[in-house]
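S.K.: Below are the structure tokens for one structure; questions will follow.
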Amino acid sequence: MSSPTLADRMKIAFEGLRAGEGPLTCGQTNTWQWMRTDVSNPMATLQWKLPLPADTPVADVVEAFAILLARHESLRTTFHERDGEMRQRVLRSGVVAAELHQVDASADTELTSQRMIDQLRQKPFDLVNELPVRLAIALAEDKALAAVTVYSHMAVDYGSMAILGREFAELIGAAGNRSVGAARHQPLDQAAEEAAPRGRRRTAAALRYWTQHLRQIPQCLMALPPIGDGDGPASAALRSSSATAALDRIAARTQASPAAAVLAAFSAVVSVRVDQSRCVFASLSSNRFTSRLRDYVGTLAQDGLVVVDVAGPTFDDLVRRTSAAMLRANRSSIFDVTDLVTHAVQINDEQGMDFSRDCVFNNISAHLPSGTDETTNVQLPPLDPPDLRWSPTAGAAEHSTLTWMPAPPFPNRLVLQLIAAQPALVVGLSTGDTRHVPQAEIAGLLRGMEGVLVAAGAGPLRLADVPDLSGLTPVPRDSDWVRVGVSWVQLSEVQALLREALGTPAYATAEPEGDGHRLTAHLLATDGVRTPRQAHTACMAHLGGRYAVCAPHHYVLHDSAPTDLTDLAAWRSRPVLARGDGRASTEDHR
């Protein structure tokens with residue numbers, strides 16, 4: 001089938017309740033923080049397929065969408081920089097040009113919708129001169145067969161798109177009784193609320209939560225040696241009816257949500273595999289916890305930091321602990337990202353580590369149509385198939401299937417997605433790095449998680465039994481791996497960091513200290529690196545994007561280097577020009 005032909009553009013006029021200008025919300029600032037350097041990032045544009053009954057007149061689509069534009073200020077907002085500060089500007093009235101595509105009445109609406117989305121996504125939004133929403137409608141004569149929208153992430157998040165989709169369906173079904181309704185809580189109101197004393201206290205508390213945990217969590221959870229040949233992405237989804245039944249029984253015992261039980265089971269098997277008792281996940285929080293925010297349309301979601309300590313006698317204990325950890329993370333997920341970055345840079349400098357955000361957990365089940373396995377109505381990076389049509393893998397039980405799907409490149413080592421809890425548990429697991437997390441690893445973690453849930457559904461389960469139930473064993477580690485605090489660190493990667501950051505002969509050693517190790521670097525001083533502070537600054541500048549790496553705790557600068565750079569005794573015999581930890585918070589010892 002060829003792409004739908006663009007026949008015309010229809011101007012949709014809107015008239016809102018007010019215009020205005022003000023600062024960005026925390027959510028908008030968080031989004032702008034990563035979008036400003038890469039407006040072409042695929043995640044900068046989000047998409048949604050609007051629900052359409054059969055034989056919907058195109059006039060109804062236009063009228064319903066005009067009401068959405070009038071009702072939600074984020075859809076009629078542009079963004080501008082003034083005095084070095086980004087601000088949002090809401091238009092009271094205006095027009096949006098909808099694309100109209102003529103198709104045959106027998107056209108495949110799914111293919112047509114996807115091709116219209118592809119065309120709408122061809123260029124990034126011009127946030128200064130363009131409203132952050134685009135609409136396309138496929139027509140057969142005067143009937144709308146399909147309608148799709150794409151939005152700038154500065155205007156909406158996934159929760160917002162679900163709200164807009166639901167309201168659009170209500171408006172389509174209310175012919176002759178459509179109205180903008182009463183004034184709502186809008187992004188301008190949210191920004192003012194966040195700037196008020198109560199809002200500042202909340203963001204300050206969130207900042208304390210984050211900074212406390214950034215000092216206590218592993219630099220990288222999936223710290224694995226290369227065990228595969230590939231280096232691209234891979235994505236699989238598990239569908240398990242038996243795990244769904246187990247979730248009901250676990251919830252009855254623990255009073256926890258299915259999401260908490262799923263993340264607890266995943267944490268349990270990951271803990272076994274990577275030999276790490278503290279699991280940490282970046283988890284997108286919708287931040288819609290109050291009645292005022294339940295129907296809020298705007299970029300509200302921000303990262304939550306979920307820290308799960310895998311300890312305790314039973315899996316039920318772990319589920320309750322995970323539920324509490326998720327609640328704490330959600331309560332601390334509205335924050336000033338600029339303040340957080342400032343504090344994180346300081347913490348990174350002190351620890352010599354950069355939190356890699358390598359593992360992500362997203363509960364997207366609330367944003368999908370209830371009672372269905374399908375993901376047709378939402379873009380799910382990295383899970384974005386037209387749908388999830390299940391085909392059992394070889395040897396799989398009838399109640400459980402594992403499906404492999406294509407995945408676009410993305411930076412994380414693991415992304416766990418709870419797609420649905422009913423009528424069957426559907427969980428996606430993806431990696432952006434099959435060299436360290438090959439397909440066999442993904443399948444093993446998914447099957448191990450399922451095994452833990454099914455066993456826990458039968459009755460209280462001891463955590464000590466998880467290794468046998470999951471079939472997982474700790475990944476083998478040789479002498480190249482050491483513990484630094486709560487993190488696994490690979491010494492060969494530390495050596496690579498020193499070579500690339502310093503550009504001078506250097507050698508790192510790991511010396512036992514408490515329950516872990518302390519890293520010391522010996523290096524040849526150069527004109528550009530003559531102090532420990534200069535050495536540490538160079539290492540930190542090259543640390544981003546690396547896994548299982550820590551900058552040395554102590555630097556020793558020499559006037560010459562031995563022939564054999566791995567000869568520690570030879571390094572120690574060289575005259576010392578300077579030594580110290582190189583941290584900004586301390587003075588170098590000369």
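Ligands are numbered from 1 in the order shown, residues from 1 within each chain, and chains are lettered A, B, ... in the order they appear in the structure tokens.
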Hey, could you make a per-residue contact list for range 147-245 of chain A against range 118-124 of chain A with 10 Å as the cut-off, showing the nearest pair of atoms and its distance in Å to one decimal, counting only C-alpha atoms, sorted by chain and number, as CSV?
M.R.:
residue,atom,partner,partner_atom,distance
A:Val148,CA,A:Leu120,CA,9.1
A:Thr149,CA,A:Leu120,CA,8.1
A:Val150,CA,A:Leu120,CA,6.8
A:Tyr151,CA,A:Arg121,CA,9.1
A:Ser152,CA,A:Pro124,CA,8.3
S.K.: Mind checking which residues fall within 10 Å of Ser286 in chain A, counting only C-alpha atoms, ignoring those fewer than 6 positions away in the same chain, and posting them as a ChimeraX atom specification?
M.R.: /A:157-160,293-294,299-304,330,333-334,363-364
S.K.: Keeping N, CA and C atoms, export the residues of the selection given above as an mmCIF file, in the first residue's frame.
M.R.:
data_model
loop_
_atom_site.group_PDB
_atom_site.id
_atom_site.type_symbol
_atom_site.label_atom_id
_atom_site.label_comp_id
_atom_site.auth_asym_id
_atom_site.auth_seq_id
_atom_site.Cartn_x
_atom_site.Cartn_y
_atom_site.Cartn_z
ATOM 1 N N ASP A 157 3.128 14.437 28.266
ATOM 2 C CA ASP A 157 3.799 13.188 28.568
ATOM 3 C C ASP A 157 2.813 12.072 28.244
ATOM 4 N N TYR A 158 3.152 10.811 28.580
ATOM 5 C CA TYR A 158 2.260 9.710 28.218
ATOM 6 C C TYR A 158 0.930 9.787 28.954
ATOM 7 N N GLY A 159 0.971 10.200 30.223
ATOM 8 C CA GLY A 159 -0.272 10.363 30.961
ATOM 9 C C GLY A 159 -1.170 11.398 30.304
ATOM 10 N N SER A 160 -0.583 12.483 29.825
ATOM 11 C CA SER A 160 -1.354 13.519 29.144
ATOM 12 C C SER A 160 -2.002 12.973 27.873
ATOM 13 N N LEU A 293 -4.424 17.230 39.765
ATOM 14 C CA LEU A 293 -3.500 16.812 38.717
ATOM 15 C C LEU A 293 -3.967 15.580 37.954
ATOM 16 N N ARG A 294 -5.066 14.996 38.359
ATOM 17 C CA ARG A 294 -5.490 13.743 37.740
ATOM 18 C C ARG A 294 -5.776 13.908 36.254
ATOM 19 N N THR A 299 3.574 18.395 30.545
ATOM 20 C CA THR A 299 4.720 17.547 30.872
ATOM 21 C C THR A 299 4.928 17.580 32.375
ATOM 22 N N LEU A 300 4.378 16.584 33.039
ATOM 23 C CA LEU A 300 4.420 16.525 34.496
ATOM 24 C C LEU A 300 5.343 15.408 34.989
ATOM 25 N N ALA A 301 5.459 14.356 34.194
ATOM 26 C CA ALA A 301 6.235 13.187 34.621
ATOM 27 C C ALA A 301 7.723 13.530 34.744
ATOM 28 N N GLN A 302 8.330 13.022 35.795
ATOM 29 C CA GLN A 302 9.774 13.137 35.990
ATOM 30 C C GLN A 302 10.297 11.816 36.558
ATOM 31 N N ASP A 303 11.589 11.665 36.527
ATOM 32 C CA ASP A 303 12.196 10.454 37.061
ATOM 33 C C ASP A 303 11.951 10.318 38.559
ATOM 34 N N GLY A 304 11.585 9.124 38.972
ATOM 35 C CA GLY A 304 11.678 8.738 40.360
ATOM 36 C C GLY A 304 12.892 7.835 40.515
ATOM 37 N N ASN A 330 8.096 8.159 44.284
ATOM 38 C CA ASN A 330 7.052 8.981 43.662
ATOM 39 C C ASN A 330 6.878 10.308 44.392
ATOM 40 N N SER A 333 9.541 12.973 43.224
ATOM 41 C CA SER A 333 9.774 13.007 41.779
ATOM 42 C C SER A 333 9.360 14.317 41.122
ATOM 43 N N ILE A 334 9.022 15.323 41.919
ATOM 44 C CA ILE A 334 8.891 16.685 41.382
ATOM 45 C C ILE A 334 10.030 17.494 41.982
ATOM 46 N N ASN A 363 6.017 1.706 34.509
ATOM 47 C CA ASN A 363 4.690 1.092 34.598
ATOM 48 C C ASN A 363 3.774 1.857 33.655
ATOM 49 N N ILE A 364 3.618 1.348 32.444
ATOM 50 C CA ILE A 364 2.806 2.032 31.448
ATOM 51 C C ILE A 364 1.422 1.429 31.343
#
S.K.: From the DSSP assignment of the backbone, select every residue of range 28-103 of chain A that is alpha helix (DSSP H), and format the answer as an NGL selection string.
M.R.: :A and (28-35 or 58-71)
S.K.: Please identify all polymer residues within 8 Å of range 563-579 of chain A, counting only C-alpha atoms, omitting same-chain residues fewer than 2 positions from it, and present them as a list in words.
M.R.: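 Selected residues are Pro505, Ala506, Tyr507, His522, Ala525, Arg530, Thr531, Pro532, His554, Tyr555, Val556, Leu557, His558, Asp559, Ser560, Ala561, Asp581, Asp588, His589 and Arg590 of chain A.
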S.K.: Compile the contact shell of Ala265 in chain A as a VMD selection string: residues with an atom at most 12 Å away, counting only C-alpha atoms, same-chain residues fewer than 2 positions apart removed.
M.R.: chain A and resid 243 246 to 247 250 258 to 263 267 to 272 279 308 310 314 to 323 416 427 445 to 457 461 463 466 to 467 469 to 470
S.K.: Any chance you could export the current selection's C-alpha atoms as a compact mmCIF listing (two decimals), in the first residue's frame?
M.R.:
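File produced: selection_15.txt:
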# COMPACT_ATOMS: atom_id res chain seq x y z
CA ALA A 243 1.82 -15.02 36.72
CA ALA A 246 -0.14 -15.34 41.18
CA LEU A 247 -0.15 -11.53 41.35
CA ILE A 250 0.47 -11.91 46.30
CA PRO A 258 0.97 -5.59 40.80
CA ALA A 259 3.73 -3.13 39.81
CA ALA A 260 5.40 -3.54 43.21
CA ALA A 261 5.26 -7.33 42.97
CA VAL A 262 6.68 -7.32 39.43
CA LEU A 263 9.53 -4.99 40.35
CA SER A 267 14.92 -7.10 41.65
CA ALA A 268 15.22 -10.54 43.24
CA VAL A 269 16.48 -12.21 40.06
CA VAL A 270 18.75 -9.30 39.09
CA SER A 271 20.22 -9.37 42.60
CA VAL A 272 21.14 -13.02 42.12
CA CYS A 279 18.94 -2.54 43.13
CA VAL A 308 15.21 -1.63 46.50
CA VAL A 310 16.89 -7.14 48.38
CA THR A 314 10.50 -13.83 52.45
CA PHE A 315 9.48 -12.55 49.06
CA ASP A 316 6.39 -10.98 50.64
CA ASP A 317 8.71 -8.85 52.78
CA LEU A 318 10.52 -7.78 49.62
CA VAL A 319 7.23 -6.87 47.90
CA ARG A 320 6.23 -4.65 50.84
CA ARG A 321 9.68 -3.06 50.90
CA THR A 322 9.52 -2.45 47.14
CA SER A 323 6.07 -0.91 47.45
CA LEU A 416 11.61 -3.10 32.21
CA VAL A 427 6.11 -7.40 30.70
CA LEU A 445 15.70 -12.66 33.55
CA LEU A 446 12.13 -12.67 32.22
CA ARG A 447 11.67 -16.40 32.77
CA GLY A 448 13.32 -16.17 36.19
CA MET A 449 11.02 -13.33 37.22
CA GLU A 450 8.00 -15.32 36.04
CA GLY A 451 9.15 -18.36 38.01
CA VAL A 452 9.50 -16.32 41.20
CA LEU A 453 6.02 -14.80 40.79
CA VAL A 454 4.35 -18.15 40.10
CA ALA A 455 6.08 -19.76 43.08
CA ALA A 456 5.16 -16.84 45.34
CA GLY A 457 1.57 -17.13 44.18
CA LEU A 461 8.39 -17.84 49.37
CA LEU A 463 14.22 -15.28 49.28
CA VAL A 466 15.04 -17.55 44.53
CA PRO A 467 18.30 -18.77 42.91
CA LEU A 469 13.54 -21.15 41.35
CA SER A 470 14.88 -18.67 38.83
S.K.: One decimal, in Å: what's the spacing between CA of Ala236 in chain A and CA of Leu402 in chain A?
M.R.: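 Taking CA of Ala236 in chain A and CA of Leu402 in chain A, their separation equals 6.7 Å.
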S.K.: Kindly indicate which residue among A:Ala98, A:Leu68, A:Met405, A:Leu207 lies nearest to Arg331 in chain A, using only C-alpha atoms for the distances.
M.R.: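 Among the listed residues, A:Leu207 lies closest to Arg331 in chain A.
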S.K.: Mind pulling up the distance from CA of Asp478 in chain A to CA of Gly514 in chain A?
M.R.: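 For CA of Gly514 in chain A relative to CA of Asp478 in chain A, the distance reads 20.1 Å.
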S.K.: Distance CA of Arg533 in chain A-CA of Trp481 in chain A, one decimal place?
M.R.: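 The value is 26.0 Å.
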S.K.: For Gly352 in chain A, which residue out of A:Glu81, A:Arg201, A:Leu497, A:Gly94 is the nearest one, using only C-alpha atoms?
M.R.: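 Of A:Glu81, A:Arg201, A:Leu497, A:Gly94, the one nearest Gly352 in chain A, counting only C-alpha atoms, is A:Leu497.
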S.K.: Mind listing the strand (DSSP E) residues of range 274-509 of chain A, per DSSP on the backbone, as a PyMOL selection string?
M.R.: chain A and resi 278-285+302-309+359-363+400-405+414-420+425-431+481-484+487-490+506-509
S.K.: Create the file for the chosen residues now, containing N, CA and C atoms and written as a compact mmCIF listing (two decimals), in the first residue's frame.
M.R.:
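That gives us out.txt:
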# COMPACT_ATOMS: atom_id res chain seq x y z
N ARG A 278 21.58 -4.25 46.52
CA ARG A 278 20.86 -2.99 46.37
C ARG A 278 20.60 -2.73 44.89
N CYS A 279 19.32 -2.76 44.52
CA CYS A 279 18.94 -2.54 43.13
C CYS A 279 18.35 -1.14 43.00
N VAL A 280 18.70 -0.45 41.95
CA VAL A 280 18.24 0.92 41.76
C VAL A 280 17.71 1.08 40.34
N PHE A 281 16.54 1.72 40.24
CA PHE A 281 15.88 1.91 38.96
C PHE A 281 15.43 3.36 38.82
N ALA A 282 15.70 3.92 37.67
CA ALA A 282 15.03 5.18 37.32
C ALA A 282 13.64 4.81 36.85
N SER A 283 12.63 5.39 37.48
CA SER A 283 11.25 5.01 37.17
C SER A 283 10.44 6.27 36.93
N LEU A 284 9.88 6.37 35.74
CA LEU A 284 9.12 7.56 35.40
C LEU A 284 7.86 7.63 36.25
N SER A 285 7.72 8.73 36.97
CA SER A 285 6.54 8.94 37.81
C SER A 285 5.59 9.90 37.11
N GLN A 302 8.33 13.02 35.80
CA GLN A 302 9.77 13.14 35.99
C GLN A 302 10.30 11.82 36.56
N ASP A 303 11.59 11.66 36.53
CA ASP A 303 12.20 10.45 37.06
C ASP A 303 11.95 10.32 38.56
N GLY A 304 11.58 9.12 38.97
CA GLY A 304 11.68 8.74 40.36
C GLY A 304 12.89 7.83 40.52
N LEU A 305 13.49 7.83 41.68
CA LEU A 305 14.66 6.97 41.93
C LEU A 305 14.22 5.90 42.93
N VAL A 306 14.01 4.70 42.42
CA VAL A 306 13.51 3.60 43.24
C VAL A 306 14.71 2.76 43.69
N VAL A 307 14.93 2.71 44.99
CA VAL A 307 16.05 1.95 45.56
C VAL A 307 15.48 0.79 46.36
N VAL A 308 15.76 -0.43 45.89
CA VAL A 308 15.21 -1.63 46.50
C VAL A 308 16.34 -2.43 47.13
N ASP A 309 16.30 -2.59 48.44
CA ASP A 309 17.26 -3.45 49.13
C ASP A 309 16.69 -4.85 49.17
N CYS A 359 19.44 1.14 34.46
CA CYS A 359 18.23 0.33 34.55
C CYS A 359 17.01 1.22 34.78
N VAL A 360 15.98 0.98 34.00
CA VAL A 360 14.77 1.80 34.04
C VAL A 360 13.56 0.89 34.22
N PHE A 361 12.62 1.33 35.06
CA PHE A 361 11.35 0.62 35.21
C PHE A 361 10.22 1.60 34.90
N ASN A 362 9.37 1.22 33.95
CA ASN A 362 8.22 2.04 33.60
C ASN A 362 6.94 1.22 33.70
N ASN A 363 6.02 1.71 34.51
CA ASN A 363 4.69 1.09 34.60
C ASN A 363 3.77 1.86 33.65
N SER A 400 2.27 -19.29 28.79
CA SER A 400 3.37 -18.32 28.83
C SER A 400 4.04 -18.24 27.47
N THR A 401 4.20 -17.03 26.95
CA THR A 401 4.86 -16.85 25.66
C THR A 401 5.90 -15.75 25.76
N LEU A 402 6.92 -15.87 24.94
CA LEU A 402 7.99 -14.88 24.88
C LEU A 402 8.14 -14.45 23.43
N THR A 403 8.01 -13.17 23.17
CA THR A 403 8.03 -12.65 21.81
C THR A 403 9.18 -11.66 21.65
N TRP A 404 9.97 -11.84 20.60
CA TRP A 404 11.07 -10.92 20.30
C TRP A 404 10.61 -9.90 19.28
N MET A 405 11.03 -8.66 19.47
CA MET A 405 10.59 -7.57 18.61
C MET A 405 11.77 -6.68 18.27
N LEU A 414 19.09 -1.88 30.60
CA LEU A 414 17.84 -2.61 30.78
C LEU A 414 16.69 -1.62 30.92
N VAL A 415 15.60 -1.89 30.23
CA VAL A 415 14.35 -1.15 30.42
C VAL A 415 13.26 -2.20 30.65
N LEU A 416 12.71 -2.20 31.85
CA LEU A 416 11.61 -3.10 32.21
C LEU A 416 10.31 -2.32 32.14
N GLN A 417 9.35 -2.84 31.38
CA GLN A 417 8.07 -2.17 31.22
C GLN A 417 6.93 -3.10 31.64
N LEU A 418 6.13 -2.66 32.58
CA LEU A 418 4.89 -3.36 32.90
C LEU A 418 3.83 -2.84 31.94
N ILE A 419 3.51 -3.66 30.94
CA ILE A 419 2.58 -3.24 29.89
C ILE A 419 1.14 -3.50 30.30
N ALA A 420 0.89 -4.61 30.95
CA ALA A 420 -0.47 -4.94 31.39
C ALA A 420 -0.39 -5.93 32.55
N LEU A 425 -0.52 -10.97 32.54
CA LEU A 425 0.65 -10.15 32.79
C LEU A 425 1.46 -10.04 31.50
N VAL A 426 1.74 -8.80 31.09
CA VAL A 426 2.58 -8.55 29.92
C VAL A 426 3.72 -7.64 30.37
N VAL A 427 4.93 -8.14 30.25
CA VAL A 427 6.11 -7.40 30.70
C VAL A 427 7.11 -7.34 29.55
N GLY A 428 7.61 -6.15 29.26
CA GLY A 428 8.65 -6.00 28.24
C GLY A 428 10.00 -5.79 28.90
N LEU A 429 11.03 -6.35 28.30
CA LEU A 429 12.40 -6.15 28.78
C LEU A 429 13.29 -5.91 27.57
N SER A 430 14.01 -4.81 27.60
CA SER A 430 14.82 -4.41 26.46
C SER A 430 16.21 -4.02 26.92
N THR A 431 17.15 -4.13 26.00
CA THR A 431 18.52 -3.66 26.25
C THR A 431 19.00 -2.87 25.05
N TRP A 481 37.59 -7.62 38.47
CA TRP A 481 36.45 -6.98 39.11
C TRP A 481 36.68 -6.82 40.60
N VAL A 482 36.37 -5.63 41.11
CA VAL A 482 36.50 -5.36 42.54
C VAL A 482 35.28 -4.59 43.01
N ARG A 483 35.03 -4.65 44.31
CA ARG A 483 33.98 -3.84 44.91
C ARG A 483 34.55 -2.50 45.33
N VAL A 484 33.87 -1.45 44.96
CA VAL A 484 34.20 -0.11 45.44
C VAL A 484 32.92 0.42 46.08
N SER A 487 29.45 -0.66 44.67
CA SER A 487 29.51 -0.81 43.22
C SER A 487 30.53 -1.85 42.80
N TRP A 488 30.19 -2.57 41.72
CA TRP A 488 31.18 -3.39 41.03
C TRP A 488 31.94 -2.50 40.05
N VAL A 489 33.27 -2.61 40.07
CA VAL A 489 34.11 -1.80 39.18
C VAL A 489 35.08 -2.72 38.46
N GLN A 490 35.26 -2.47 37.17
CA GLN A 490 36.15 -3.28 36.35
C GLN A 490 37.47 -2.52 36.17
N ALA A 506 49.94 5.83 32.85
CA ALA A 506 49.27 5.77 34.16
C ALA A 506 48.91 4.32 34.47
N TYR A 507 48.74 4.05 35.76
CA TYR A 507 48.39 2.70 36.19
C TYR A 507 47.58 2.80 37.47
N ALA A 508 46.45 2.07 37.54
CA ALA A 508 45.58 2.09 38.70
C ALA A 508 45.68 0.77 39.46
N THR A 509 45.68 0.87 40.77
CA THR A 509 45.72 -0.32 41.62
C THR A 509 44.51 -0.29 42.55
S.K.: Do a neighbour search on range 45-55 of chain A at 9 Å with only C-alpha atoms, toss out local chain neighbours closer than 5 positions, and write the hits as JSON, numbers by chain.
M.R.: {"A": [39, 40, 61, 113, 114, 117, 121, 124, 125, 142, 143, 144, 145, 146, 147, 148, 149, 150, 151, 152, 153, 154, 156, 157, 158, 161, 162, 164, 165, 166, 168, 169, 172, 173, 376, 377, 378, 379]}
S.K.: Could the residues in this selection be written to a file with C-alpha atoms, as a PDB file, in the first residue's frame?
M.R.:
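selection-v9.pdb written:
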ATOM      1  CA  VAL A  39      15.525  18.578  19.328  1.00  0.00           C
ATOM      2  CA  SER A  40      15.708  15.760  16.758  1.00  0.00           C
ATOM      3  CA  VAL A  61     -13.220  15.255  14.569  1.00  0.00           C
ATOM      4  CA  SER A 113      -2.371   5.696  10.819  1.00  0.00           C
ATOM      5  CA  GLN A 114       1.265   4.681  11.108  1.00  0.00           C
ATOM      6  CA  ILE A 117       2.358   9.483  12.008  1.00  0.00           C
ATOM      7  CA  ARG A 121       7.185  13.169  12.670  1.00  0.00           C
ATOM      8  CA  PRO A 124      11.138  18.399  14.831  1.00  0.00           C
ATOM      9  CA  PHE A 125       8.805  20.969  16.331  1.00  0.00           C
ATOM     10  CA  ASP A 142     -16.573  13.039   4.257  1.00  0.00           C
ATOM     11  CA  LYS A 143     -16.013  10.227   6.782  1.00  0.00           C
ATOM     12  CA  ALA A 144     -12.929  10.016   8.991  1.00  0.00           C
ATOM     13  CA  LEU A 145     -11.386   6.524   8.950  1.00  0.00           C
ATOM     14  CA  ALA A 146      -8.384   7.340  11.147  1.00  0.00           C
ATOM     15  CA  ALA A 147      -6.978  10.294  13.088  1.00  0.00           C
ATOM     16  CA  VAL A 148      -3.533  10.645  14.625  1.00  0.00           C
ATOM     17  CA  THR A 149      -1.697  13.266  16.619  1.00  0.00           C
ATOM     18  CA  VAL A 150       1.932  13.941  17.369  1.00  0.00           C
ATOM     19  CA  TYR A 151       2.995  16.228  20.180  1.00  0.00           C
ATOM     20  CA  SER A 152       6.149  17.860  21.411  1.00  0.00           C
ATOM     21  CA  HIS A 153       7.290  16.320  24.685  1.00  0.00           C
ATOM     22  CA  MET A 154       7.366  19.895  26.013  1.00  0.00           C
ATOM     23  CA  VAL A 156       2.593  16.382  26.956  1.00  0.00           C
ATOM     24  CA  ASP A 157       3.799  13.188  28.568  1.00  0.00           C
ATOM     25  CA  TYR A 158       2.260   9.710  28.218  1.00  0.00           C
ATOM     26  CA  MET A 161      -1.817  11.663  25.853  1.00  0.00           C
ATOM     27  CA  ALA A 162      -3.990   9.082  27.582  1.00  0.00           C
ATOM     28  CA  LEU A 164      -6.447  13.571  25.650  1.00  0.00           C
ATOM     29  CA  GLY A 165      -7.351  10.281  23.997  1.00  0.00           C
ATOM     30  CA  ARG A 166     -10.039   9.591  26.582  1.00  0.00           C
ATOM     31  CA  PHE A 168     -11.479  12.979  22.560  1.00  0.00           C
ATOM     32  CA  ALA A 169     -13.492   9.749  22.654  1.00  0.00           C
ATOM     33  CA  ILE A 172     -16.851  12.299  19.683  1.00  0.00           C
ATOM     34  CA  GLY A 173     -19.603  10.415  21.481  1.00  0.00           C
ATOM     35  CA  THR A 376      -1.318  -0.025  19.407  1.00  0.00           C
ATOM     36  CA  ASN A 377      -2.211   3.347  20.857  1.00  0.00           C
ATOM     37  CA  VAL A 378       1.035   4.477  22.368  1.00  0.00           C
ATOM     38  CA  GLN A 379       4.654   4.881  21.364  1.00  0.00           C
TER      39      GLN A 379
END
S.K.: Can you pull out every residue within 9 Å of Pro411 in chain A, counting only C-alpha atoms, but drop anything in the same chain fewer than 3 positions away, and send it as a PyMOL selection string?
M.R.: chain A and resi 358+431-433+545
